[in-house]
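Novice: Quick one: structure below, then a few questions.
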Amino acid sequence: MDTLDDLLQKLFATPESDLAKLSRVYLLGLHAHLENAIQTQETPSIDPAFPLYQPILSKLSSLLQPQAQVDSHSTILPDSYNTSVLPKLEELRRAFNNNDELSQFLGTVQLVSTQDDDLWNEIQLLLLRIPLAIAEQWRQFALKLAEKLGAIEDTSGERLIQIPAPQDKVYYGLTGSVQADGLRFSPQVTLHEKVNTEPLEGDLHLLAIIVSTLLNLIDLDPNLHHALKSVNFASVQPLTIPTERSKYTEALIDRFNRVKAAELSTNSATILRTRLDLDEAIHSVVYLPTVDRDTSWWSKLQREARQTLISRAKQYGGQIQQLWGAYADVWKRSKDDLEIDIGGVRGQVSACLRVYAKIDGEELPGRVLYRSLN
């Protein structure tokens with residue numbers, strides 16, 4: 001009789017099956033949630049179930065390796081293949097461009113970089129948008145492929161693009177036959193030059209870091225868009241358009257500065273309103289399709305920002321509601337919403353750009369991106 005492992009391996013070996021694809025996604029989500037459960041515990045090792053966790057995670061990881069699906073697309077080229085006119089990492093480009101699992105989160109992936117260092121960074125930025133468990137598997141796959149070409153992970157710390165962020169995380173670059181920069185996210189990195197670096201306390205310092213994160217990534221990632229109503233009312237716009245980028249970054253910095261100014265007052269309504277506006281600006285930075293909102297690096301960053309708003313609303317007696325689920329259930333509490341035709345589930349909210357709020361009895365509508373029904 002087949003074991004559960006045998007059955008799952010047979011299931012995942014059926015790439016034409018929608019059930020197989022969905023099952024894989026759900027198991028990847030389980031893997032991410034199990035990892036998160038450990039990370040949220042202060043002392044997980046004293047929990048009586050802790051010894052079971054690592055074997056379970058290891059088993060899930062081995063079952064969910066992306067190698068099987070990549071091989072199904074014949075992306076690994078023979079040793080005799082002449083790559084003299086291509087980037088050394090061309091094999092990696094093909095693996096990404098042809099993978100059905102990634103397309104569920106990234107849409108039609110077409111990596112465009114023509115240099116190895118640019119291609120490596122393009123991939124690292126893409127992986128910030130997908131569930132953490134899948135992203136880690138692809139990082140390991142990318143590293144193994146690079147090692148076949150004579151490159152190794154550069155852990156010296158000398159080839160890292162420095163980006164301020166709330167949590168420490170390093171995605172290393174390459175050295176050897178391929179030279180490529182990695183990414184270092186850290187609260188120790190200097191704030192973006194457009195963010196006032198005066199000493200800040202409490203969650204203001206966290207917000208300064210998050211605003212700096214966005215400003216740095218806007219300069220790095222050509223796939224970023226914005227949907228900030230005050231900048232462009234009618235549509236989602238690429239931040240590669242100079243006027244859109246300039247207007248959005250000015251609005252983001254202005255809203256952050258107004259939050260700082262409001263903190264000097266004793267007016268709770270003013271504080272909450274400025275916080276709502278800044279939260280909207282932060283959450284209006286989006287990708288198309290929108291990111292996985294539960295387990296991706298991007299979703300974690302935005303949750304940290306929104307948690308500061310939730311905490312202040314509780315402190316001052318304000319009410320807020322994040323707008324998720326079926327658009328038919330939330331539209332009465334939102335205004336000037338935008339319809340998109342990519343990613344997500346038809347008829348569902350794809351991104352909560354602004355929360356619904358009630359401050360001093362006044363209702364303030366939220367704003368969402370939602371997937372069209374057609």
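Going by the structure tokens order, chains are called A, B, ..., each with residues numbered from 1, while ligands are numbered from 1 in the order shown.
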Taking the backbone alone, and naming residues the way the document does, which bits of region 317-351 of chain A are strand (DSSP E) by DSSP, as a list of chain:residue names?
Specialist: A:Gln319, A:Ile320, A:Gln321, A:Leu338, A:Glu339, A:Ile340, A:Val349, A:Ser350, A:Ala351
Novice: Write the residues of the preceding selection, restricted to all heavy atoms, as a short mmCIF file (atom, residue, chain, number, x, y, z; two decimals), in the first residue's frame.
Specialist:
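Saved to selection17.cif:
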```cif
data_model
loop_
_atom_site.label_atom_id
_atom_site.label_comp_id
_atom_site.auth_asym_id
_atom_site.auth_seq_id
_atom_site.Cartn_x
_atom_site.Cartn_y
_atom_site.Cartn_z
N GLN A 319 -12.10 53.25 15.64
CA GLN A 319 -12.46 51.94 15.09
C GLN A 319 -11.93 51.84 13.66
O GLN A 319 -12.10 52.77 12.86
CB GLN A 319 -13.97 51.76 15.06
CG GLN A 319 -14.63 51.83 16.42
CD GLN A 319 -16.15 51.72 16.32
OE1 GLN A 319 -16.67 50.98 15.50
NE2 GLN A 319 -16.84 52.46 17.16
N ILE A 320 -11.27 50.75 13.35
CA ILE A 320 -10.84 50.53 11.98
C ILE A 320 -11.19 49.10 11.56
O ILE A 320 -11.29 48.21 12.40
CB ILE A 320 -9.32 50.77 11.79
CG1 ILE A 320 -8.50 49.74 12.56
CG2 ILE A 320 -8.93 52.17 12.20
CD1 ILE A 320 -7.03 49.81 12.22
N GLN A 321 -11.37 48.94 10.28
CA GLN A 321 -11.68 47.62 9.73
C GLN A 321 -10.93 47.43 8.42
O GLN A 321 -11.07 48.24 7.49
CB GLN A 321 -13.18 47.46 9.48
CG GLN A 321 -13.55 46.11 8.87
CD GLN A 321 -15.03 46.04 8.49
OE1 GLN A 321 -15.83 46.85 8.91
NE2 GLN A 321 -15.36 45.05 7.67
N LEU A 338 -10.63 50.60 -7.15
CA LEU A 338 -10.08 50.34 -8.47
C LEU A 338 -10.24 48.86 -8.82
O LEU A 338 -9.92 47.99 -8.01
CB LEU A 338 -8.60 50.72 -8.54
CG LEU A 338 -8.29 52.21 -8.39
CD1 LEU A 338 -6.78 52.43 -8.38
CD2 LEU A 338 -8.93 53.02 -9.52
N GLU A 339 -10.70 48.61 -10.03
CA GLU A 339 -10.88 47.25 -10.52
C GLU A 339 -9.65 46.84 -11.33
O GLU A 339 -9.17 47.61 -12.16
CB GLU A 339 -12.13 47.19 -11.40
CG GLU A 339 -12.47 45.81 -11.92
CD GLU A 339 -13.76 45.82 -12.74
OE1 GLU A 339 -14.35 46.91 -12.91
OE2 GLU A 339 -14.15 44.75 -13.22
N ILE A 340 -9.13 45.66 -11.06
CA ILE A 340 -7.99 45.15 -11.82
C ILE A 340 -8.37 43.81 -12.45
O ILE A 340 -9.30 43.15 -12.00
CB ILE A 340 -6.72 45.00 -10.95
CG1 ILE A 340 -6.99 44.09 -9.74
CG2 ILE A 340 -6.22 46.36 -10.51
CD1 ILE A 340 -5.77 43.84 -8.88
N VAL A 349 -11.41 41.08 -3.00
CA VAL A 349 -10.48 42.18 -2.78
C VAL A 349 -9.05 41.67 -2.96
O VAL A 349 -8.67 40.64 -2.40
CB VAL A 349 -10.65 42.76 -1.36
CG1 VAL A 349 -9.57 43.79 -1.05
CG2 VAL A 349 -12.03 43.40 -1.22
N SER A 350 -8.25 42.38 -3.74
CA SER A 350 -6.86 42.01 -3.98
C SER A 350 -5.90 42.77 -3.07
O SER A 350 -4.82 42.27 -2.76
CB SER A 350 -6.48 42.26 -5.44
OG SER A 350 -7.22 41.43 -6.30
N ALA A 351 -6.27 43.99 -2.68
CA ALA A 351 -5.42 44.79 -1.79
C ALA A 351 -6.29 45.79 -1.04
O ALA A 351 -7.11 46.47 -1.65
CB ALA A 351 -4.33 45.51 -2.57
#
```
Novice: Would you list the contacts of Asp360 (chain A) as a list of chain:residue names, taking every protein, DNA or RNA residue within 10 Å and counting only C-alpha atoms, but skipping same-chain residues closer than 2 positions in sequence?
Specialist: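 Residues near the query, excluding close chain neighbours: A:Ser268, A:Ala269, A:Tyr316, A:Gly317, A:Gly318, A:Gln319, A:Ala357, A:Lys358, A:Glu362, A:Glu363.
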Novice: Which of these, A:Ala326, A:Thr274, A:Leu353, A:Ser372, has the shortest distance to Asp341 (chain A) once you count only C-alpha atoms?
Specialist: A:Ser372
Novice: Which of region 61-260 of chain A end up as alpha helix (DSSP H) when DSSP is run on this backbone - answer as a PyMOL selection string?
Specialist: chain A and resi 61-63+67-72+90-97+100-106+116-127+132-148+203-220+242-260
Novice: How far is it from CA of Ile123 (chain A) to CA of Leu8 (chain A), in Å with one decimal?
Specialist: 28.4 Å
Novice: Would you compute the distance between CA of Asn216 (chain A) and CA of Leu145 (chain A)? Give it in Å to one decimal.
Specialist: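 Going from CA of Asn216 (chain A) over to CA of Leu145 (chain A), I get 28.7 Å.
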Novice: Taking only C-alpha atoms into account, name the residue in A:Lys148, A:Arg93, A:Lys314, A:Arg139 that is nearest to Val170 (chain A).
Specialist: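 That would be A:Arg139, the residue with the smallest distance to Val170 (chain A).
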